[in-house]
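Colleague: Structure: input26.cif, mmCIF, C-alpha atoms (C1' of nucleotides).
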```
data_my_file
loop_
_atom_site.label_atom_id
_atom_site.label_comp_id
_atom_site.auth_asym_id
_atom_site.auth_seq_id
_atom_site.Cartn_x
_atom_site.Cartn_y
_atom_site.Cartn_z
CA MET A 11 124.55 38.24 231.36
CA ARG A 12 121.09 36.74 231.04
CA LEU A 13 120.31 35.25 227.66
CA GLU A 14 117.06 33.37 227.23
CA ARG A 15 116.05 31.52 224.13
CA ASP A 16 112.49 32.80 224.01
CA ALA A 17 113.53 36.43 224.23
CA LEU A 18 116.29 35.98 221.66
CA ILE A 19 113.90 34.25 219.30
CA ALA A 20 111.23 36.91 219.76
CA VAL A 21 113.65 39.62 218.67
CA PHE A 22 114.79 37.51 215.76
CA GLU A 23 111.28 36.81 214.57
CA GLN A 24 110.34 40.46 214.68
CA LEU A 25 113.42 41.46 212.71
CA LEU A 26 112.80 38.72 210.18
CA ALA A 27 109.21 39.80 209.76
CA HIS A 28 110.35 43.37 209.15
CA PHE A 29 113.31 42.92 206.82
CA GLY A 30 112.45 39.56 205.31
CA PRO A 31 115.05 36.83 204.77
CA LEU A 32 118.40 38.36 203.83
CA HIS A 33 120.22 35.29 202.45
CA TRP A 34 123.66 36.22 203.70
CA TRP A 35 126.62 36.40 203.04
CA PRO A 36 126.43 38.98 200.23
CA GLY A 37 129.02 37.52 197.91
CA ASP A 38 129.70 34.63 195.65
CA GLY A 39 131.34 31.49 196.91
CA ARG A 40 133.66 30.58 199.74
CA PHE A 41 136.64 32.53 198.52
CA GLU A 42 134.84 35.79 197.94
CA ILE A 43 133.18 35.53 201.34
CA MET A 44 136.56 35.22 202.98
CA VAL A 45 137.94 38.18 201.07
CA GLY A 46 134.89 40.23 201.96
CA ALA A 47 135.21 39.29 205.62
CA VAL A 48 138.69 40.79 205.75
CA LEU A 49 137.85 43.83 203.67
CA THR A 50 134.82 44.77 205.75
CA GLN A 51 136.77 45.09 208.99
CA ASN A 52 135.65 48.38 210.50
CA THR A 53 134.47 49.44 207.07
CA ALA A 54 131.12 50.13 205.40
CA TRP A 55 130.06 47.40 203.01
CA THR A 56 129.45 49.89 200.21
CA ASN A 57 133.19 50.55 200.22
CA VAL A 58 133.94 46.84 200.21
CA GLU A 59 131.73 46.39 197.16
CA LYS A 60 133.90 48.74 195.15
CA ALA A 61 136.99 46.80 196.12
CA ILE A 62 135.36 43.49 195.25
CA ALA A 63 134.24 44.84 191.89
CA SER A 64 137.77 45.92 191.13
CA LEU A 65 139.20 42.53 192.12
CA ARG A 66 136.69 40.84 189.86
CA ALA A 67 137.43 43.19 187.01
CA ALA A 68 141.12 42.34 187.34
CA ASP A 69 140.13 38.67 187.32
CA VAL A 70 141.90 37.90 190.57
CA MET A 71 138.96 36.81 192.72
CA GLU A 72 140.47 33.37 193.06
CA LEU A 73 143.15 31.99 195.34
CA ALA A 74 146.04 31.39 192.94
CA ALA A 75 145.44 34.52 190.90
CA MET A 76 145.16 36.79 193.92
CA ARG A 77 148.21 35.23 195.49
CA ALA A 78 150.12 35.90 192.29
CA THR A 79 149.16 39.57 192.34
CA ALA A 80 151.89 42.00 193.31
CA PRO A 81 151.38 43.62 196.74
CA ASP A 82 151.21 47.15 195.35
CA ALA A 83 148.73 46.14 192.68
CA LEU A 84 146.56 44.32 195.18
CA ALA A 85 146.62 47.28 197.55
CA GLU A 86 145.54 49.55 194.71
CA MET A 87 142.59 47.32 193.84
CA ILE A 88 141.27 47.26 197.40
CA ARG A 89 141.93 50.94 198.07
CA PRO A 90 138.24 51.92 198.33
CA ALA A 91 137.83 49.52 201.27
CA GLY A 92 140.18 51.64 203.36
CA TYR A 93 143.23 50.55 205.39
CA PHE A 94 144.42 49.22 202.06
CA ASN A 95 148.03 48.65 203.07
CA VAL A 96 147.04 46.78 206.20
CA LYS A 97 144.35 44.80 204.45
CA GLN A 98 146.58 43.87 201.57
CA ARG A 99 148.90 42.20 204.07
CA ARG A 100 146.06 40.56 205.97
CA LEU A 101 144.57 39.25 202.77
CA ARG A 102 147.91 37.86 201.68
CA ASN A 103 148.45 36.24 205.08
CA LEU A 104 145.10 34.49 204.70
CA LEU A 105 145.83 33.45 201.12
CA ASP A 106 149.20 32.04 202.08
CA TRP A 107 147.68 30.11 204.93
CA LEU A 108 144.93 28.72 202.72
CA HIS A 109 147.50 27.69 200.16
CA ALA A 110 149.58 26.01 202.84
CA GLN A 111 146.56 23.96 203.88
CA GLY A 112 145.95 22.83 200.32
CA GLY A 113 143.36 25.42 199.33
CA HIS A 114 140.05 26.47 200.81
CA ASP A 115 138.22 23.28 199.86
CA ALA A 116 140.67 21.24 201.91
CA LEU A 117 139.19 22.85 205.01
CA LEU A 118 135.73 21.48 204.29
CA ASP A 119 136.15 18.39 206.43
CA TRP A 120 138.02 20.04 209.26
CA PRO A 121 136.25 20.02 212.60
CA THR A 122 134.92 23.44 213.52
CA PRO A 123 137.35 24.14 216.40
CA ARG A 124 140.35 23.33 214.22
CA LEU A 125 138.99 25.49 211.41
CA ARG A 126 138.34 28.41 213.75
CA ASP A 127 141.70 28.16 215.50
CA GLY A 128 143.47 27.83 212.18
CA LEU A 129 141.88 31.01 210.89
CA LEU A 130 142.69 32.78 214.14
CA SER A 131 146.33 31.86 213.72
CA VAL A 132 146.47 34.11 210.65
CA ASN A 133 147.72 37.59 211.46
CA GLY A 134 144.91 39.97 210.62
CA VAL A 135 142.10 37.49 211.18
CA GLY A 136 140.49 38.14 214.54
CA ARG A 137 137.49 36.58 216.24
CA GLU A 138 134.76 38.26 214.24
CA THR A 139 136.45 37.80 210.89
CA ALA A 140 137.16 34.15 211.67
CA ASP A 141 133.56 33.57 212.71
CA ASP A 142 132.22 35.30 209.60
CA ILE A 143 134.21 32.82 207.57
CA VAL A 144 133.38 29.80 209.71
CA LEU A 145 129.65 30.56 209.63
CA TYR A 146 129.12 31.97 206.17
CA ALA A 147 131.78 30.22 204.11
CA TYR A 148 131.80 26.87 205.89
CA ASP A 149 128.27 26.68 207.30
CA ARG A 150 129.35 25.94 210.85
CA PRO A 151 127.18 26.89 213.84
CA VAL A 152 129.12 29.75 215.41
CA PHE A 153 127.32 32.95 216.37
CA VAL A 154 129.13 36.04 215.09
CA ILE A 155 129.50 38.85 217.60
CA ASP A 156 129.97 42.39 216.36
CA ALA A 157 129.52 45.89 217.72
CA TYR A 158 125.85 45.89 216.66
CA THR A 159 125.19 42.67 218.57
CA ARG A 160 126.66 44.13 221.75
CA ARG A 161 124.73 47.37 221.31
CA LEU A 162 121.42 45.64 220.68
CA PHE A 163 121.68 43.06 223.43
CA SER A 164 122.91 45.70 225.88
CA ARG A 165 119.92 47.84 225.08
CA PHE A 166 117.62 44.97 225.87
CA GLY A 167 119.42 44.58 229.17
CA TRP A 168 120.59 41.06 228.43
CA ILE A 169 124.30 41.78 228.66
CA GLY A 170 126.63 44.41 230.07
CA GLY A 171 128.21 44.97 226.68
CA ASP A 172 131.83 44.56 227.69
CA GLU A 173 131.80 40.78 228.01
CA ASP A 174 134.65 38.82 226.57
CA TYR A 175 133.96 37.90 222.94
CA ASP A 176 133.93 34.15 223.42
CA GLN A 177 132.05 34.31 226.68
CA LEU A 178 129.31 36.19 224.88
CA ARG A 179 129.40 33.94 221.84
CA LEU A 180 129.21 30.77 223.90
CA GLY A 181 126.39 32.23 225.98
CA ILE A 182 124.30 32.95 222.90
CA GLU A 183 125.11 29.60 221.36
CA ALA A 184 124.09 27.84 224.56
CA ALA A 185 120.80 29.73 224.64
CA LEU A 186 119.92 29.19 221.00
CA GLY A 187 121.35 25.77 220.31
CA HIS A 188 123.78 25.24 217.45
CA ASP A 189 121.69 26.13 214.43
CA VAL A 190 123.54 27.25 211.29
CA ALA A 191 120.50 28.63 209.48
CA LEU A 192 119.38 30.58 212.54
CA PHE A 193 122.85 31.98 213.28
CA ASN A 194 123.29 32.92 209.65
CA GLU A 195 120.05 34.85 209.42
CA TYR A 196 120.21 36.33 212.93
CA HIS A 197 123.56 38.02 212.44
CA ALA A 198 122.45 39.34 209.08
CA GLN A 199 119.32 40.81 210.63
CA ILE A 200 121.30 42.44 213.41
CA VAL A 201 123.64 44.12 210.94
CA TYR A 202 120.68 45.39 208.96
CA LEU A 203 119.07 46.75 212.06
CA GLY A 204 122.24 48.46 213.20
CA LYS A 205 122.92 49.86 209.79
CA ASP A 206 119.53 51.45 209.29
CA TYR A 207 118.31 52.26 212.75
CA CYS A 208 120.40 51.85 215.88
CA ARG A 209 122.90 54.55 215.08
CA THR A 210 121.36 56.76 212.43
CA ARG A 211 118.10 57.39 214.26
CA PRO A 212 118.42 59.30 217.53
CA ARG A 213 114.98 58.15 218.61
CA CYS A 214 113.65 54.72 217.98
CA GLY A 215 110.06 55.37 217.01
CA ALA A 216 110.45 53.71 213.65
CA CYS A 217 112.57 50.85 214.92
CA PRO A 218 111.41 47.39 213.82
CA LEU A 219 111.80 46.32 217.43
CA ALA A 220 109.49 48.97 218.81
CA GLY A 221 107.21 47.35 221.32
CA LEU A 222 109.82 44.77 222.20
CA CYS A 223 112.72 46.94 223.30
CA PRO A 224 112.56 47.84 226.99
CA PHE A 225 114.47 51.07 226.44
CA PRO A 226 113.27 52.52 223.13
CA ASP A 227 114.34 56.09 223.86
CA ILE A 228 118.00 55.74 224.62
CA GLY A 229 119.01 56.77 221.14
CA GLY A 230 122.17 55.92 219.31
"C1'" DA B 11 133.82 70.01 209.22
"C1'" DC B 12 132.64 66.07 211.79
"C1'" DC B 13 131.30 61.25 212.71
"C1'" DC B 14 131.39 56.66 211.73
"C1'" DA B 15 131.80 52.09 209.40
"C1'" DG B 16 129.77 44.38 209.69
"C1'" DG B 17 138.12 45.05 213.48
"C1'" DG B 18 142.73 43.79 214.53
"C1'" DT B 19 147.44 44.40 215.95
"C1'" DC B 20 151.01 46.29 218.43
"C1'" DA B 21 153.32 48.84 222.16
"C1'" DT B 22 153.05 49.95 226.73
"C1'" DA B 23 151.92 49.56 231.85
"C1'" DT C 12 144.54 42.11 231.47
"C1'" DA C 13 143.58 46.48 229.71
"C1'" DT C 14 144.01 50.71 227.61
"C1'" DG C 15 145.53 53.78 223.48
"C1'" DA C 16 147.49 54.62 218.82
"C1'" DC C 17 147.20 53.34 214.39
"C1'" DC C 18 145.40 52.04 209.97
"C1'" DA C 19 142.19 55.15 205.45
"C1'" DT C 20 138.30 55.45 202.27
"C1'" DG C 21 133.58 57.14 201.37
"C1'" DG C 22 128.82 58.40 202.82
"C1'" DG C 23 125.70 60.97 205.91
#
```
Represent the supplied structure as structure tokens.

Modeller:
Amino acid sequence: MRLERDALIAVFEQLLAHFGPLHWWPGDGRFEIMVGAVLTQNTAWTNVEKAIASLRAADVMELAAMRATAPDALAEMIRPAGYFNVKQRRLRNLLDWLHAQGGHDALLDWPTPRLRDGLLSVNGVGRETADDIVLYAYDRPVFVIDAYTRRLFSRFGWIGGDEDYDQLRLGIEAALGHDVALFNEYHAQIVYLGKDYCRTRPRCGACPLAGLCPFPDIGG
DNA sequence: ACCCAGGGTCATA
DNA sequence: TATGACCATGGG
């Protein structure tokens, strides 16, 4: 694993120049970000949007109201996001935990490690979901690792791809320095890249990173 | 018809 | 620690 700041920044700058600032997370407020983070697990965001719209329409996009929603009804609302039975439970686990801590605003002054570990203690909230929440809902400098990040950085030859999640995260954080705005925008850019190019295009001629990627012809 | 998506848990070895 | 099964909808 060889992660250098200059190389990481060069990729970031080129992505930013191509896509423009993305202003993530797509969603409104801390609570909705958390809900979205759970719903988007292994799921296309377009599907999550339908679920979020239905939660809003039912007027339950709020901690107390969603917690008061019957399990079957909640599952039905989030159905388009897939895994709806599993996610209904995971969502409820998170809501119950938040309630037990005094609500999501009570977490605002928690130190980052406590916040992260607390979220990870919730069944159904894994490393990526926790880090989505920590970074995008609580503005803490953790770098979110997802499948796209591994694919991209592997392609550049910076990592093997099968590194332990936290080993990889800490390596990137050490290289970049703890910068919330940078981490926020970088992860967003990576997801955009992965979504539009890395998988759907077998050859990378039109890739925004053309000219920078050492292996542009590997394909998806 | 097939592949995959902004993962995570659980059982098993 | 490390695999594999499982969860499920919607778009390409």

Colleague: Counting only C-alpha atoms (C1' of nucleotides), which residues of chain A come no farther than 7 Å from chain C, as a PDB file with C-alpha atoms, in the frame of the given file?

Modeller:
```
ATOM      1  CA  ASN A  57     133.190  50.550 200.220  1.00  0.00           C
ATOM      2  CA  PRO A  90     138.240  51.920 198.330  1.00  0.00           C
ATOM      3  CA  ALA A  91     137.830  49.520 201.270  1.00  0.00           C
ATOM      4  CA  GLY A  92     140.180  51.640 203.360  1.00  0.00           C
ATOM      5  CA  TYR A  93     143.230  50.550 205.390  1.00  0.00           C
ATOM      6  CA  VAL A  96     147.040  46.780 206.200  1.00  0.00           C
TER       7      VAL A  96
END
```

Colleague: Please determine the contact residues of chain B with respect to chain A at a cut-off of 12 Å, counting all atoms listed in the file, and supply them as a list in words.

Modeller: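 The complete set of qualifying residues is DC13, DC14, DA15, DG16, DG17, DG18, DT19 and DC20 of chain B.
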
Colleague: Quick one: distance from CA of Arg179 (chain A) to CA of Asp141 (chain A) in Å, one decimal?

Modeller: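 Result for CA of Arg179 (chain A) versus CA of Asp141 (chain A): 10.0 Å, one decimal.
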
Colleague: Would you mind listing what lies within 10 Å of Asn95 (chain A) as a PyMOL selection string, with all atoms listed in the file counted and same-chain residues fewer than 6 positions away left out?

Modeller: (chain A and resi 81-82+84-86+88-89) or (chain C and resi 18-19)

Colleague: How far is it from CA of Cys217 (chain A) to CA of Leu203 (chain A), in Å with one decimal?

Modeller: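 Separation of CA of Cys217 (chain A) and CA of Leu203 (chain A): 8.2 Å.
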
Colleague: Taking 6 positions as the minimum chain separation for residues in the same chain, which residues sit within 12 Å of Ala78 (chain A) when counting only C-alpha atoms (C1' of nucleotides)? Answer as a PyMOL selection string.

Modeller: chain A and resi 69-72+84+102+105-106+109

Colleague: Which value, in Å to one decimal, gives the distance between CA of Leu32 (chain A) and CA of Ala216 (chain A)?

Modeller: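 The value is 19.9 Å.
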
Colleague: Give me the result of the PyMOL selection byres ((chain A and resi 108) around 12) on this file, residue by residue, as a PyMOL selection string.

Modeller: chain A and resi 40-41+44-45+72-74+76-77+101-107+109-118+125+128-129+131-132

Colleague: Suppose we keep C-alpha atoms; can you now write the selection as a PDB file, keeping the file's coordinate frame?

Modeller:
```pdb
ATOM      1  CA  ARG A  40     133.660  30.580 199.740  1.00  0.00           C
ATOM      2  CA  PHE A  41     136.640  32.530 198.520  1.00  0.00           C
ATOM      3  CA  MET A  44     136.560  35.220 202.980  1.00  0.00           C
ATOM      4  CA  VAL A  45     137.940  38.180 201.070  1.00  0.00           C
ATOM      5  CA  GLU A  72     140.470  33.370 193.060  1.00  0.00           C
ATOM      6  CA  LEU A  73     143.150  31.990 195.340  1.00  0.00           C
ATOM      7  CA  ALA A  74     146.040  31.390 192.940  1.00  0.00           C
ATOM      8  CA  MET A  76     145.160  36.790 193.920  1.00  0.00           C
ATOM      9  CA  ARG A  77     148.210  35.230 195.490  1.00  0.00           C
ATOM     10  CA  LEU A 101     144.570  39.250 202.770  1.00  0.00           C
ATOM     11  CA  ARG A 102     147.910  37.860 201.680  1.00  0.00           C
ATOM     12  CA  ASN A 103     148.450  36.240 205.080  1.00  0.00           C
ATOM     13  CA  LEU A 104     145.100  34.490 204.700  1.00  0.00           C
ATOM     14  CA  LEU A 105     145.830  33.450 201.120  1.00  0.00           C
ATOM     15  CA  ASP A 106     149.200  32.040 202.080  1.00  0.00           C
ATOM     16  CA  TRP A 107     147.680  30.110 204.930  1.00  0.00           C
ATOM     17  CA  HIS A 109     147.500  27.690 200.160  1.00  0.00           C
ATOM     18  CA  ALA A 110     149.580  26.010 202.840  1.00  0.00           C
ATOM     19  CA  GLN A 111     146.560  23.960 203.880  1.00  0.00           C
ATOM     20  CA  GLY A 112     145.950  22.830 200.320  1.00  0.00           C
ATOM     21  CA  GLY A 113     143.360  25.420 199.330  1.00  0.00           C
ATOM     22  CA  HIS A 114     140.050  26.470 200.810  1.00  0.00           C
ATOM     23  CA  ASP A 115     138.220  23.280 199.860  1.00  0.00           C
ATOM     24  CA  ALA A 116     140.670  21.240 201.910  1.00  0.00           C
ATOM     25  CA  LEU A 117     139.190  22.850 205.010  1.00  0.00           C
ATOM     26  CA  LEU A 118     135.730  21.480 204.290  1.00  0.00           C
ATOM     27  CA  LEU A 125     138.990  25.490 211.410  1.00  0.00           C
ATOM     28  CA  GLY A 128     143.470  27.830 212.180  1.00  0.00           C
ATOM     29  CA  LEU A 129     141.880  31.010 210.890  1.00  0.00           C
ATOM     30  CA  SER A 131     146.330  31.860 213.720  1.00  0.00           C
ATOM     31  CA  VAL A 132     146.470  34.110 210.650  1.00  0.00           C
TER      32      VAL A 132
END
```

Colleague: Which residues fall under the PyMOL selection byres ((chain A and resi 167) around 12) in this file, as a list in words?

Modeller: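 So the PyMOL selection byres ((chain A and resi 167) around 12), applied here, picks out Met11, Arg12, Leu13, Glu14, Ala17, Leu18, Arg160, Arg161, Leu162, Phe163, Ser164, Arg165, Phe166, Trp168, Ile169, Gly170, Gly171, Leu222, Cys223, Pro224, Phe225 and Pro226 of chain A.
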
Colleague: Write the residues you've just listed into a file as a PDB file, keeping the file's coordinate frame, and include C-alpha atoms for each of them.

Modeller:
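out15.pdb, written as the output of this step:
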```
ATOM      1  CA  MET A  11     124.550  38.240 231.360  1.00  0.00           C
ATOM      2  CA  ARG A  12     121.090  36.740 231.040  1.00  0.00           C
ATOM      3  CA  LEU A  13     120.310  35.250 227.660  1.00  0.00           C
ATOM      4  CA  GLU A  14     117.060  33.370 227.230  1.00  0.00           C
ATOM      5  CA  ALA A  17     113.530  36.430 224.230  1.00  0.00           C
ATOM      6  CA  LEU A  18     116.290  35.980 221.660  1.00  0.00           C
ATOM      7  CA  ARG A 160     126.660  44.130 221.750  1.00  0.00           C
ATOM      8  CA  ARG A 161     124.730  47.370 221.310  1.00  0.00           C
ATOM      9  CA  LEU A 162     121.420  45.640 220.680  1.00  0.00           C
ATOM     10  CA  PHE A 163     121.680  43.060 223.430  1.00  0.00           C
ATOM     11  CA  SER A 164     122.910  45.700 225.880  1.00  0.00           C
ATOM     12  CA  ARG A 165     119.920  47.840 225.080  1.00  0.00           C
ATOM     13  CA  PHE A 166     117.620  44.970 225.870  1.00  0.00           C
ATOM     14  CA  TRP A 168     120.590  41.060 228.430  1.00  0.00           C
ATOM     15  CA  ILE A 169     124.300  41.780 228.660  1.00  0.00           C
ATOM     16  CA  GLY A 170     126.630  44.410 230.070  1.00  0.00           C
ATOM     17  CA  GLY A 171     128.210  44.970 226.680  1.00  0.00           C
ATOM     18  CA  LEU A 222     109.820  44.770 222.200  1.00  0.00           C
ATOM     19  CA  CYS A 223     112.720  46.940 223.300  1.00  0.00           C
ATOM     20  CA  PRO A 224     112.560  47.840 226.990  1.00  0.00           C
ATOM     21  CA  PHE A 225     114.470  51.070 226.440  1.00  0.00           C
ATOM     22  CA  PRO A 226     113.270  52.520 223.130  1.00  0.00           C
TER      23      PRO A 226
END
```

Colleague: What does the PyMOL selection byres ((chain A and resi 153) around 10) select in this file, as a PDB file with C-alpha atoms, in the frame of the given file?

Modeller:
```
ATOM      1  CA  GLU A 138     134.760  38.260 214.240  1.00  0.00           C
ATOM      2  CA  ASP A 141     133.560  33.570 212.710  1.00  0.00           C
ATOM      3  CA  ASP A 142     132.220  35.300 209.600  1.00  0.00           C
ATOM      4  CA  VAL A 144     133.380  29.800 209.710  1.00  0.00           C
ATOM      5  CA  LEU A 145     129.650  30.560 209.630  1.00  0.00           C
ATOM      6  CA  ARG A 150     129.350  25.940 210.850  1.00  0.00           C
ATOM      7  CA  PRO A 151     127.180  26.890 213.840  1.00  0.00           C
ATOM      8  CA  VAL A 152     129.120  29.750 215.410  1.00  0.00           C
ATOM      9  CA  VAL A 154     129.130  36.040 215.090  1.00  0.00           C
ATOM     10  CA  ILE A 155     129.500  38.850 217.600  1.00  0.00           C
ATOM     11  CA  ASP A 156     129.970  42.390 216.360  1.00  0.00           C
ATOM     12  CA  ASP A 176     133.930  34.150 223.420  1.00  0.00           C
ATOM     13  CA  LEU A 178     129.310  36.190 224.880  1.00  0.00           C
ATOM     14  CA  ARG A 179     129.400  33.940 221.840  1.00  0.00           C
ATOM     15  CA  LEU A 180     129.210  30.770 223.900  1.00  0.00           C
ATOM     16  CA  GLY A 181     126.390  32.230 225.980  1.00  0.00           C
ATOM     17  CA  ILE A 182     124.300  32.950 222.900  1.00  0.00           C
ATOM     18  CA  GLU A 183     125.110  29.600 221.360  1.00  0.00           C
ATOM     19  CA  LEU A 186     119.920  29.190 221.000  1.00  0.00           C
ATOM     20  CA  HIS A 188     123.780  25.240 217.450  1.00  0.00           C
ATOM     21  CA  ASP A 189     121.690  26.130 214.430  1.00  0.00           C
ATOM     22  CA  VAL A 190     123.540  27.250 211.290  1.00  0.00           C
ATOM     23  CA  LEU A 192     119.380  30.580 212.540  1.00  0.00           C
ATOM     24  CA  PHE A 193     122.850  31.980 213.280  1.00  0.00           C
ATOM     25  CA  ASN A 194     123.290  32.920 209.650  1.00  0.00           C
ATOM     26  CA  TYR A 196     120.210  36.330 212.930  1.00  0.00           C
ATOM     27  CA  HIS A 197     123.560  38.020 212.440  1.00  0.00           C
TER      28      HIS A 197
END
```

Colleague: Got a minute to add all heavy atoms to region 134-142 of chain A and dump it as a JSON list (two decimals), keeping the file's coordinate frame?

Modeller:
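Produced file selection-v9.json, reproduced below:
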```json
[["chain", "number", "residue", "atom", "x", "y", "z"],
["A", 134, "GLY", "N", 145.87, 39.12, 211.32],
["A", 134, "GLY", "CA", 144.91, 39.97, 210.62],
["A", 134, "GLY", "C", 143.51, 39.38, 210.63],
["A", 134, "GLY", "O", 142.55, 40.05, 210.28],
["A", 135, "VAL", "N", 143.40, 38.12, 211.03],
["A", 135, "VAL", "CA", 142.10, 37.49, 211.18],
["A", 135, "VAL", "C", 141.80, 37.35, 212.67],
["A", 135, "VAL", "O", 142.40, 36.54, 213.36],
["A", 135, "VAL", "CB", 142.06, 36.10, 210.51],
["A", 135, "VAL", "CG1", 140.71, 35.43, 210.76],
["A", 135, "VAL", "CG2", 142.31, 36.22, 209.02],
["A", 136, "GLY", "N", 140.87, 38.17, 213.14],
["A", 136, "GLY", "CA", 140.49, 38.14, 214.54],
["A", 136, "GLY", "C", 139.23, 37.32, 214.73],
["A", 136, "GLY", "O", 138.78, 36.61, 213.81],
["A", 137, "ARG", "N", 138.62, 37.43, 215.92],
["A", 137, "ARG", "CA", 137.49, 36.58, 216.24],
["A", 137, "ARG", "C", 136.31, 36.78, 215.29],
["A", 137, "ARG", "O", 135.76, 35.83, 214.76],
["A", 137, "ARG", "CB", 137.04, 36.84, 217.69],
["A", 137, "ARG", "CG", 137.81, 36.04, 218.73],
["A", 137, "ARG", "CD", 138.90, 36.81, 219.46],
["A", 137, "ARG", "NE", 138.54, 38.18, 219.78],
["A", 137, "ARG", "CZ", 138.40, 38.63, 221.03],
["A", 137, "ARG", "NH1", 138.55, 37.80, 222.04],
["A", 137, "ARG", "NH2", 138.14, 39.89, 221.25],
["A", 138, "GLU", "N", 135.94, 38.03, 215.07],
["A", 138, "GLU", "CA", 134.76, 38.26, 214.24],
["A", 138, "GLU", "C", 134.99, 37.83, 212.79],
["A", 138, "GLU", "O", 134.13, 37.22, 212.17],
["A", 138, "GLU", "CB", 134.34, 39.74, 214.28],
["A", 138, "GLU", "CG", 133.03, 39.95, 213.55],
["A", 138, "GLU", "CD", 132.60, 41.41, 213.50],
["A", 138, "GLU", "OE1", 133.03, 42.20, 214.36],
["A", 138, "GLU", "OE2", 131.82, 41.74, 212.60],
["A", 139, "THR", "N", 136.14, 38.18, 212.26],
["A", 139, "THR", "CA", 136.45, 37.80, 210.89],
["A", 139, "THR", "C", 136.48, 36.28, 210.74],
["A", 139, "THR", "O", 135.93, 35.72, 209.78],
["A", 139, "THR", "CB", 137.80, 38.39, 210.47],
["A", 139, "THR", "OG1", 137.78, 39.81, 210.67],
["A", 139, "THR", "CG2", 138.10, 38.10, 209.01],
["A", 140, "ALA", "N", 137.11, 35.61, 211.70],
["A", 140, "ALA", "CA", 137.16, 34.15, 211.67],
["A", 140, "ALA", "C", 135.75, 33.57, 211.71],
["A", 140, "ALA", "O", 135.42, 32.65, 210.95],
["A", 140, "ALA", "CB", 137.98, 33.63, 212.84],
["A", 141, "ASP", "N", 134.91, 34.11, 212.57],
["A", 141, "ASP", "CA", 133.56, 33.57, 212.71],
["A", 141, "ASP", "C", 132.69, 33.88, 211.50],
["A", 141, "ASP", "O", 131.83, 33.07, 211.12],
["A", 141, "ASP", "CB", 132.92, 34.10, 214.00],
["A", 141, "ASP", "CG", 133.53, 33.45, 215.24],
["A", 141, "ASP", "OD1", 134.22, 32.42, 215.09],
["A", 141, "ASP", "OD2", 133.35, 33.97, 216.35],
["A", 142, "ASP", "N", 132.89, 35.02, 210.88],
["A", 142, "ASP", "CA", 132.22, 35.30, 209.60],
["A", 142, "ASP", "C", 132.52, 34.19, 208.61],
["A", 142, "ASP", "O", 131.63, 33.67, 207.94],
["A", 142, "ASP", "CB", 132.72, 36.62, 209.00],
["A", 142, "ASP", "CG", 132.05, 37.83, 209.61],
["A", 142, "ASP", "OD1", 130.93, 37.70, 210.14],
["A", 142, "ASP", "OD2", 132.64, 38.93, 209.55]]
```
